[in-house]
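Structure data follow from run.csv (CSV, C-alpha atoms):
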```
chain,number,residue,atom,x,y,z
H,1,MET,CA,25.2,-8.5,18.5
H,2,PRO,CA,25.9,-5.2,16.7
H,3,ASN,CA,26.5,-2.2,18.8
H,4,ILE,CA,23.3,-0.4,18.0
H,5,LYS,CA,22.1,2.0,20.6
H,6,ARG,CA,20.0,4.5,18.7
H,7,ILE,CA,17.6,3.9,15.7
H,8,GLY,CA,15.7,6.2,13.5
H,9,VAL,CA,12.3,5.5,11.9
H,10,LEU,CA,10.7,7.2,8.9
H,11,THR,CA,7.8,6.8,6.5
H,12,SER,CA,8.2,7.4,2.8
H,13,GLY,CA,6.2,7.4,-0.4
H,14,GLY,CA,2.4,7.1,-0.3
H,15,ASP,CA,0.8,7.0,3.1
H,16,ALA,CA,-1.1,3.8,4.1
H,17,PRO,CA,-3.4,3.1,7.1
H,18,GLY,CA,-1.5,1.2,9.7
H,19,MET,CA,1.8,3.2,9.4
H,20,ASN,CA,1.1,4.8,12.8
H,21,ALA,CA,0.7,1.3,14.3
H,22,ALA,CA,4.1,0.3,12.9
H,23,ILE,CA,5.7,3.5,14.2
H,24,ARG,CA,4.2,2.9,17.6
H,25,ALA,CA,5.6,-0.7,17.7
H,26,VAL,CA,9.1,0.4,16.6
H,27,VAL,CA,9.3,3.1,19.3
H,28,ARG,CA,8.0,1.0,22.1
H,29,THR,CA,9.9,-2.2,21.2
H,30,GLY,CA,13.1,-0.1,20.8
H,31,ILE,CA,12.7,1.5,24.2
H,32,TYR,CA,11.8,-1.9,25.8
H,33,ASN,CA,15.1,-3.3,24.4
H,34,GLY,CA,17.1,-0.4,25.8
H,35,LEU,CA,17.4,1.6,22.5
H,36,GLU,CA,16.8,5.2,21.9
H,37,VAL,CA,14.4,5.9,19.0
H,38,TYR,CA,14.4,9.0,16.8
H,39,GLY,CA,11.5,10.0,14.5
H,40,ILE,CA,12.5,11.3,11.1
H,41,TYR,CA,9.9,13.6,9.6
H,42,LYS,CA,8.9,13.8,6.0
H,43,GLY,CA,10.7,10.7,4.8
H,44,TYR,CA,14.1,11.0,3.1
H,45,GLN,CA,13.6,14.7,2.4
H,46,GLY,CA,13.3,15.3,6.2
H,47,LEU,CA,16.4,13.2,6.7
H,48,ILE,CA,18.3,15.5,4.3
H,49,GLN,CA,16.9,18.6,6.1
H,50,GLY,CA,17.6,17.3,9.6
H,51,LEU,CA,14.0,17.0,10.7
H,52,ILE,CA,14.9,14.5,13.4
H,53,GLU,CA,13.5,14.3,16.9
H,54,PRO,CA,13.7,11.8,19.8
H,55,MET,CA,10.6,9.8,20.5
H,56,GLY,CA,9.4,8.4,23.8
H,57,SER,CA,6.7,5.9,24.7
H,58,ARG,CA,4.2,8.7,25.3
H,59,SER,CA,4.9,10.3,21.9
H,60,VAL,CA,3.2,7.4,20.3
H,61,SER,CA,0.2,7.2,22.6
H,62,ASN,CA,-3.3,7.3,21.0
H,63,ILE,CA,-2.1,6.9,17.4
H,64,ILE,CA,-2.7,3.2,16.6
H,65,GLN,CA,-6.2,4.0,15.4
H,66,ARG,CA,-5.2,7.0,13.2
H,67,GLY,CA,-4.8,6.8,9.5
H,68,GLY,CA,-1.9,8.5,7.6
H,69,THR,CA,1.5,8.9,9.4
H,70,ILE,CA,2.4,11.2,12.3
H,71,LEU,CA,5.9,11.3,10.9
H,72,LYS,CA,4.5,12.8,7.6
H,73,THR,CA,5.8,11.6,4.2
H,74,ALA,CA,7.2,13.3,1.2
H,75,ARG,CA,8.9,12.4,-2.1
H,76,SER,CA,12.6,13.4,-2.4
H,77,GLU,CA,14.3,14.0,-5.7
H,78,GLU,CA,17.4,15.2,-3.8
H,79,PHE,CA,17.8,11.8,-2.1
H,80,ARG,CA,18.2,10.3,-5.6
H,81,THR,CA,21.6,12.2,-5.8
H,82,PRO,CA,24.8,11.2,-4.1
H,83,GLU,CA,25.0,14.7,-2.7
H,84,GLY,CA,21.6,14.4,-1.1
H,85,ARG,CA,22.3,11.0,0.4
H,86,LYS,CA,25.6,12.4,1.8
H,87,LYS,CA,23.6,15.2,3.6
H,88,ALA,CA,21.2,12.5,4.9
H,89,TYR,CA,24.1,10.4,6.2
H,90,ASP,CA,25.8,13.4,7.9
H,91,ASN,CA,22.5,14.1,9.7
H,92,LEU,CA,22.3,10.6,11.0
H,93,VAL,CA,25.9,10.8,12.3
H,94,LYS,CA,25.1,14.2,13.8
H,95,HIS,CA,22.3,12.6,15.8
H,96,GLY,CA,24.2,9.5,16.7
H,97,ILE,CA,21.8,7.2,14.9
H,98,ASP,CA,23.2,3.8,14.3
H,99,ALA,CA,20.5,2.2,12.2
H,100,MET,CA,17.1,2.9,10.5
H,101,ILE,CA,13.7,1.4,10.0
H,102,VAL,CA,12.0,2.6,6.9
H,103,ILE,CA,8.3,2.1,6.1
H,104,GLY,CA,7.1,2.3,2.5
H,105,GLY,CA,7.1,0.6,-0.8
H,106,ASP,CA,9.3,0.0,-3.9
H,107,GLY,CA,10.8,3.5,-4.0
H,108,THR,CA,11.5,3.6,-0.3
H,109,PHE,CA,13.4,0.3,-0.5
H,110,THR,CA,15.3,1.3,-3.6
H,111,GLY,CA,16.5,4.4,-1.8
H,112,ALA,CA,17.3,2.3,1.4
H,113,SER,CA,19.3,-0.3,-0.6
H,114,ILE,CA,21.4,2.3,-2.3
H,115,PHE,CA,22.0,4.3,0.9
H,116,GLN,CA,22.9,1.2,2.9
H,117,ASN,CA,25.4,0.1,0.3
H,118,GLU,CA,27.0,3.5,0.0
H,119,PHE,CA,27.5,4.1,3.7
H,120,ASN,CA,27.4,0.5,5.1
H,121,PHE,CA,24.5,1.7,7.2
H,122,PRO,CA,22.1,-0.9,8.7
H,123,ILE,CA,18.5,-0.5,7.5
H,124,VAL,CA,15.4,-2.7,7.8
H,125,GLY,CA,12.2,-2.0,5.9
H,126,LEU,CA,8.5,-2.5,6.6
H,127,PRO,CA,6.0,-2.9,3.6
H,128,GLY,CA,3.7,0.1,3.8
H,129,THR,CA,1.6,0.4,0.7
H,130,ILE,CA,-2.1,-0.1,0.0
H,131,ASP,CA,-1.3,-1.8,-3.4
H,132,ASN,CA,-0.1,-5.1,-1.8
H,133,ASP,CA,2.3,-5.5,-4.7
H,134,LEU,CA,5.6,-6.1,-2.8
H,135,TYR,CA,7.3,-9.5,-3.1
H,136,GLY,CA,8.1,-11.2,0.2
H,137,THR,CA,4.9,-10.7,2.1
H,138,ASP,CA,1.3,-12.0,1.8
H,139,TYR,CA,-0.1,-8.6,2.9
H,140,THR,CA,1.3,-5.1,3.0
H,141,ILE,CA,0.4,-2.5,5.7
H,142,GLY,CA,-2.7,-0.6,4.6
H,143,TYR,CA,-4.0,-3.0,2.0
H,144,ASP,CA,-6.8,-4.6,4.1
H,145,THR,CA,-8.1,-1.2,5.1
H,146,ALA,CA,-8.0,0.1,1.5
H,147,VAL,CA,-10.0,-2.9,0.3
H,148,ASN,CA,-12.6,-2.4,3.1
H,149,THR,CA,-12.8,1.3,2.2
H,150,VAL,CA,-13.6,0.4,-1.4
H,151,VAL,CA,-16.1,-2.2,-0.4
H,152,GLU,CA,-18.0,0.3,1.8
H,153,ALA,CA,-18.1,2.9,-0.9
H,154,VAL,CA,-19.2,0.4,-3.6
H,155,ASP,CA,-21.9,-1.0,-1.4
H,156,LYS,CA,-23.4,2.5,-1.1
H,157,ILE,CA,-23.0,3.2,-4.9
H,158,ARG,CA,-24.8,-0.1,-5.6
H,159,ASP,CA,-27.8,1.2,-3.6
H,160,THR,CA,-28.2,4.2,-5.9
H,161,ALA,CA,-27.3,2.1,-9.0
H,162,ASP,CA,-30.2,-0.2,-8.2
H,163,SER,CA,-32.6,2.7,-7.4
H,164,HIS,CA,-31.9,4.4,-10.8
H,165,ASP,CA,-31.2,1.4,-13.0
H,166,ARG,CA,-27.7,2.7,-13.7
H,167,LEU,CA,-24.4,1.1,-14.5
H,168,PHE,CA,-21.5,2.4,-12.5
H,169,ILE,CA,-17.9,2.1,-13.7
H,170,ILE,CA,-15.8,2.6,-10.5
H,171,GLU,CA,-12.0,3.2,-10.7
H,172,VAL,CA,-9.9,2.1,-7.8
H,173,MET,CA,-6.2,2.6,-7.1
H,174,GLY,CA,-3.6,0.2,-8.6
H,175,ARG,CA,-1.4,1.7,-11.3
H,176,ASP,CA,0.6,-1.5,-11.7
H,177,ALA,CA,-1.3,-4.0,-9.6
H,178,GLY,CA,-4.9,-5.1,-9.4
H,179,PHE,CA,-5.1,-6.5,-5.9
H,180,ILE,CA,-7.5,-3.8,-4.6
H,181,ALA,CA,-9.7,-4.1,-7.6
H,182,LEU,CA,-9.8,-7.9,-7.6
H,183,ARG,CA,-10.5,-8.4,-3.9
H,184,SER,CA,-13.0,-5.6,-3.6
H,185,GLY,CA,-14.7,-6.6,-6.8
H,186,ILE,CA,-15.4,-10.1,-5.5
H,187,ALA,CA,-16.5,-8.8,-2.1
H,188,THR,CA,-19.0,-6.4,-3.7
H,189,GLY,CA,-20.3,-8.8,-6.4
H,190,ALA,CA,-19.1,-6.7,-9.2
H,191,GLU,CA,-20.3,-7.7,-12.7
H,192,LYS,CA,-16.8,-7.2,-14.1
H,193,ILE,CA,-13.3,-6.6,-12.7
H,194,LEU,CA,-10.6,-5.1,-15.0
H,195,ILE,CA,-7.0,-5.2,-13.7
H,196,PRO,CA,-3.5,-4.6,-15.2
H,197,GLU,CA,-2.5,-8.3,-14.9
H,198,SER,CA,-5.2,-9.5,-17.3
H,199,PRO,CA,-5.9,-8.0,-20.7
H,200,THR,CA,-9.2,-6.1,-21.1
H,201,TYR,CA,-11.2,-7.7,-23.9
H,202,ILE,CA,-13.6,-4.8,-24.4
H,203,ASN,CA,-15.8,-6.7,-26.9
H,204,GLU,CA,-16.4,-9.5,-24.4
H,205,LEU,CA,-17.4,-6.9,-21.9
H,206,ILE,CA,-19.8,-5.3,-24.3
H,207,GLU,CA,-21.3,-8.7,-25.2
H,208,LYS,CA,-21.8,-9.5,-21.5
H,209,LEU,CA,-23.5,-6.2,-20.9
H,210,ARG,CA,-25.9,-6.7,-23.8
H,211,LYS,CA,-26.7,-10.2,-22.6
H,212,ASP,CA,-27.3,-9.0,-19.1
H,213,TYR,CA,-29.6,-6.2,-20.4
H,214,SER,CA,-31.6,-8.7,-22.4
H,215,ASN,CA,-32.1,-10.7,-19.2
H,216,ASN,CA,-33.6,-7.5,-17.6
H,217,LYS,CA,-30.4,-6.6,-15.7
H,218,THR,CA,-30.4,-2.9,-16.0
H,219,SER,CA,-27.9,-1.9,-13.2
H,220,GLY,CA,-24.5,-3.1,-12.2
H,221,ILE,CA,-21.0,-2.4,-11.0
H,222,ILE,CA,-17.8,-2.6,-13.0
H,223,ILE,CA,-14.5,-2.2,-11.0
H,224,VAL,CA,-11.6,-0.9,-12.9
H,225,SER,CA,-8.1,-0.7,-11.6
H,226,GLU,CA,-6.5,2.6,-12.7
H,227,GLY,CA,-3.7,0.7,-14.4
H,228,ASP,CA,-6.1,-1.3,-16.6
H,229,ASP,CA,-4.6,-1.6,-20.1
H,230,PHE,CA,-7.7,-0.1,-21.7
H,231,GLY,CA,-7.0,3.3,-20.1
H,232,GLY,CA,-9.1,3.4,-17.0
H,233,ALA,CA,-12.7,4.0,-16.1
H,234,PHE,CA,-13.4,6.9,-18.4
H,235,GLU,CA,-12.2,5.1,-21.5
H,236,VAL,CA,-14.2,2.0,-20.6
H,237,ALA,CA,-17.3,4.1,-20.0
H,238,LYS,CA,-16.8,5.9,-23.4
H,239,VAL,CA,-17.0,2.6,-25.2
H,240,ILE,CA,-20.0,1.4,-23.2
H,241,LYS,CA,-21.9,4.6,-23.9
H,242,GLU,CA,-21.2,4.2,-27.6
H,243,GLN,CA,-22.0,0.5,-27.9
H,244,CYS,CA,-24.5,0.0,-25.1
H,245,PRO,CA,-26.6,3.2,-25.2
H,246,GLN,CA,-29.4,1.3,-23.4
H,247,TYR,CA,-27.5,1.6,-20.2
H,248,GLU,CA,-27.4,4.9,-18.2
H,249,SER,CA,-23.9,4.8,-17.0
H,250,ARG,CA,-21.9,6.8,-14.5
H,251,VAL,CA,-18.1,6.9,-13.6
H,252,THR,CA,-16.9,7.2,-10.1
H,253,ILE,CA,-13.2,7.7,-9.3
H,254,LEU,CA,-12.6,6.7,-5.6
H,255,GLY,CA,-9.1,8.2,-5.6
H,256,HIS,CA,-7.3,9.1,-2.5
H,257,VAL,CA,-10.2,8.2,-0.2
H,258,GLN,CA,-8.6,4.7,-0.3
H,259,ARG,CA,-5.5,5.9,1.4
H,260,GLY,CA,-7.2,7.5,4.4
H,261,GLY,CA,-9.3,6.4,7.4
H,262,SER,CA,-8.7,4.4,10.5
H,263,PRO,CA,-6.8,1.2,9.9
H,264,SER,CA,-8.6,-2.1,10.2
H,265,ALA,CA,-7.9,-4.5,13.1
H,266,PHE,CA,-6.0,-6.7,10.7
H,267,ASP,CA,-3.7,-3.8,9.6
H,268,ARG,CA,-3.1,-2.7,13.2
H,269,VAL,CA,-2.1,-6.1,14.4
H,270,MET,CA,0.1,-6.9,11.4
H,271,ALA,CA,1.8,-3.5,11.5
H,272,SER,CA,2.4,-3.9,15.2
H,273,ALA,CA,4.0,-7.3,14.7
H,274,MET,CA,6.1,-6.2,11.8
H,275,GLY,CA,7.4,-3.1,13.7
H,276,PHE,CA,8.2,-5.4,16.7
H,277,GLN,CA,10.2,-7.8,14.4
H,278,ALA,CA,12.0,-5.0,12.6
H,279,VAL,CA,13.6,-3.8,15.9
H,280,LEU,CA,14.6,-7.4,16.9
H,281,ALA,CA,16.1,-7.9,13.4
H,282,LEU,CA,18.4,-4.9,13.8
H,283,LYS,CA,19.4,-6.1,17.2
H,284,ASP,CA,20.3,-9.5,15.8
H,285,GLY,CA,22.5,-7.9,13.1
H,286,VAL,CA,20.0,-8.4,10.2
H,287,ARG,CA,20.1,-5.6,7.6
H,288,GLY,CA,19.1,-4.8,4.1
H,289,VAL,CA,15.8,-6.7,4.3
H,290,MET,CA,12.1,-6.1,4.3
H,291,VAL,CA,10.2,-7.7,7.2
H,292,GLY,CA,7.1,-9.5,5.8
H,293,SER,CA,4.5,-12.1,6.7
H,294,ILE,CA,4.2,-15.3,4.7
H,295,ASN,CA,1.7,-18.0,5.7
H,296,ARG,CA,1.4,-16.1,9.0
H,297,LYS,CA,5.1,-16.4,9.8
H,298,VAL,CA,7.8,-13.7,9.8
H,299,SER,CA,9.9,-13.5,6.7
H,300,TYR,CA,12.9,-11.5,5.7
H,301,THR,CA,13.3,-10.6,2.0
H,302,PRO,CA,16.4,-8.7,0.7
H,303,PHE,CA,15.6,-5.2,-0.6
H,304,GLU,CA,16.9,-6.2,-4.1
H,305,LYS,CA,14.5,-9.1,-4.3
H,306,ALA,CA,11.5,-7.2,-2.9
H,307,ILE,CA,12.2,-4.4,-5.5
H,308,LYS,CA,12.8,-6.6,-8.6
H,309,HIS,CA,9.9,-9.0,-8.1
H,310,HIS,CA,6.3,-8.4,-7.5
H,311,GLN,CA,3.5,-10.2,-5.7
H,312,THR,CA,1.5,-12.1,-8.2
H,313,ILE,CA,-2.3,-12.1,-8.5
H,314,SER,CA,-4.1,-15.2,-7.3
H,315,MET,CA,-5.3,-17.2,-10.4
H,316,GLU,CA,-7.9,-18.8,-8.1
H,317,LEU,CA,-9.4,-15.5,-7.2
H,318,LEU,CA,-9.4,-14.5,-10.9
H,319,GLU,CA,-11.4,-17.7,-11.7
H,320,ILE,CA,-13.8,-17.1,-8.8
H,321,ALA,CA,-14.4,-13.5,-10.0
H,322,GLU,CA,-15.1,-14.7,-13.5
H,323,VAL,CA,-17.5,-17.5,-12.5
H,324,LEU,CA,-19.4,-15.6,-9.9
H,325,SER,CA,-20.0,-12.6,-12.3
H,326,THR,CA,-21.8,-14.8,-14.8
```

Same coordinates, now as structure tokens:
Amino acid sequence: MPNIKRIGVLTSGGDAPGMNAAIRAVVRTGIYNGLEVYGIYKGYQGLIQGLIEPMGSRSVSNIIQRGGTILKTARSEEFRTPEGRKKAYDNLVKHGIDAMIVIGGDGTFTGASIFQNEFNFPIVGLPGTIDNDLYGTDYTIGYDTAVNTVVEAVDKIRDTADSHDRLFIIEVMGRDAGFIALRSGIATGAEKILIPESPTYINELIEKLRKDYSNNKTSGIIIVSEGDDFGGAFEVAKVIKEQCPQYESRVTILGHVQRGGSPSAFDRVMASAMGFQAVLALKDGVRGVMVGSINRKVSYTPFEKAIKHHQTISMELLEIAEVLST
């Protein structure tokens, strides 16, 4: 067993609902196992600046239901430099921290991998991103909540779409991955779902809309992932307006509302379990891995593999979406 007595925990990159549940689990599991736990504020930038404070069991009371992250998060260009990482390491040494748990996505794990290799410093990661695009876990922290947020919003938009006979083109987050769009689109009965993983055949979409209109379908929902290869919701709406003027169309960009809000029960439980396992992993000498969940079982994926590969879209869900939207 490695001689780890004090661990640090930070959140980095985009915030995700459930991060606080993970922080809570790390702090309390660490204390239960006789470790001291320090919170590092504002991600890697805070590590460089020395924004480090001890955390006790009571410091994470009443946070499991809160969105965002109590440790704050920030992007850090300075951490990309050897000089910045050296400052970060010096601050860890100054506070006597023997290992770290980092919560975030691709960028977070890239930084963790480089830092660990440079300074031989034990780090374990937790997948905190609403995009669900990390390889090595079925679900990432925040994804379930983000999907539910989209579903709730789209359900309300459909009410007004039906009332006014309007076609709504709704853009959701997912610059490189369409997981949010695909799952929320199926859940809301969207007439079409456009995602980065599948080419957008705009002529087929136009033909479908014309056919729907001829069948007296005068309202509808099109879900567009922001990374769709046609250029996003406004570009899609522009073509629809030109070629299907019979529709009264509107664009809604849901944006950062998808990041916020109280985490779902699923995200709270999963984040708690992952935080628990991350501490045990460090105690057992495991390092340089992302803790995930595959088929409801704990998995460890090396940072390099989690970064280089990406979760793949379910072809079955794609087929379901296509069939049910006819």

Could you list, with a cut-off of 9 Å and counting all atoms listed in the file, the residues of stretch 135-251 of chain H near stretch 12-25 of chain H, each shown with its nearest atom pair and the distance in Å rounded to one decimal, rows sorted by chain and ascending number, as a Markdown table?
```
| residue | atom | partner | partner_atom | distance |
| --- | --- | --- | --- | --- |
| H:Ile141 | CA | H:Gly18 | CA | 5.8 |
| H:Gly142 | CA | H:Pro17 | CA | 4.5 |
| H:Tyr143 | CA | H:Ala16 | CA | 7.7 |
| H:Asp144 | CA | H:Pro17 | CA | 8.9 |
| H:Thr145 | CA | H:Pro17 | CA | 6.7 |
| H:Ala146 | CA | H:Pro17 | CA | 7.8 |
```

Check your understanding: Taking into account all atoms listed in the file, which residue in the set H:Ile307, H:Ile40, H:Ala187, H:Ile240 is nearest to H:Ala321?
Key ->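 Using all atoms listed in the file, H:Ala321 sits closest to H:Ala187.
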
Point to revise | Which of H:Leu205, H:Thr137, H:Val93, H:Glu118 sits closest to H:Gly292 [using all atoms listed in the file] | key: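 Comparing H:Leu205, H:Thr137, H:Val93, H:Glu118 against H:Gly292, the winner is H:Thr137.
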
**Study point:** Separation of atom CA of H:Arg66 from atom CA of H:Asp131, in Å and rounded to one decimal
**Key:**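 According to the coordinates, atom CA of H:Arg66 and atom CA of H:Asp131 are separated by 19.2 Å.
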
Practice item. For a cut-off of 10 Å around (-17.1, -8.6, -0.1), file coordinates, pick out all residues using all atoms listed in the file and list them as a list of chain:residue names. Key: H:Val147, H:Asn148, H:Val150, H:Val151, H:Glu152, H:Val154, H:Asp155, H:Arg183, H:Ser184, H:Gly185, H:Ile186, H:Ala187, H:Thr188, H:Gly189, H:Ala190

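Nearest residue to H:Tyr247, choosing from H:Ile193, H:Leu167, H:Met55, H:Ala281 and counting only C-alpha atoms: H:Leu167.
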
**Study point:** Among the residues H:Ile48, H:Ile123, H:Ile253, H:Ile64, the one that comes closest to H:Thr110 [using all atoms listed in the file]
**Key:** H:Ile123

Exercise for review: Tell me, as a list in words, which residues lie within 9 Å of H:Asp138, counting all atoms listed in the file; anything in the same chain fewer than 4 positions away does not count.
Suggested key: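 After dropping sequence-adjacent residues, the list is Asn132, Leu134, Gly292, Ser293, Ile294, Asn295, Arg296 and Gln311 of chain H.
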
Review point. With distances taken over only C-alpha atoms, which of H:Ile157, H:Val26, H:Ile320, H:Ile195 is nearest to H:Leu254?
Key: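 Smallest separation from H:Leu254 among the options: H:Ile157.
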
Exercise for review: Go through H:Glu322, H:Glu191, H:Glu197, H:Asp98 and flag the residue nearest H:Ile170, using only C-alpha atoms for the distances.
Suggested key: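 For H:Ile170, the nearest of the candidates is H:Glu191.
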
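Residues with any atom within 12 Å of H:Asn203, counting only C-alpha atoms and excluding same-chain neighbours fewer than 6 positions away, are Leu209, Arg210, Phe230, Val236, Val239, Ile240, Gln243 and Cys244 of chain H.
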
Review point. Quick one, how far is atom CA of H:Val9 from atom CA of H:Ala278?
Key: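 About the pair atom CA of H:Val9 and atom CA of H:Ala278: they are 10.5 Å apart.
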
Exercise for review: Provide the atom CA of H:Val102 to atom CA of H:Gly255 distance in Å, to one decimal place.
Suggested key: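 Taking atom CA of H:Val102 and atom CA of H:Gly255, their separation equals 25.2 Å.
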
Exercise for review: Take the point (-21.7, -2.7, -8.3) as written in the file and pick out every residue within 6 Å of it, counting all atoms listed in the file; give the list as a count of residues only.
Suggested key: 4
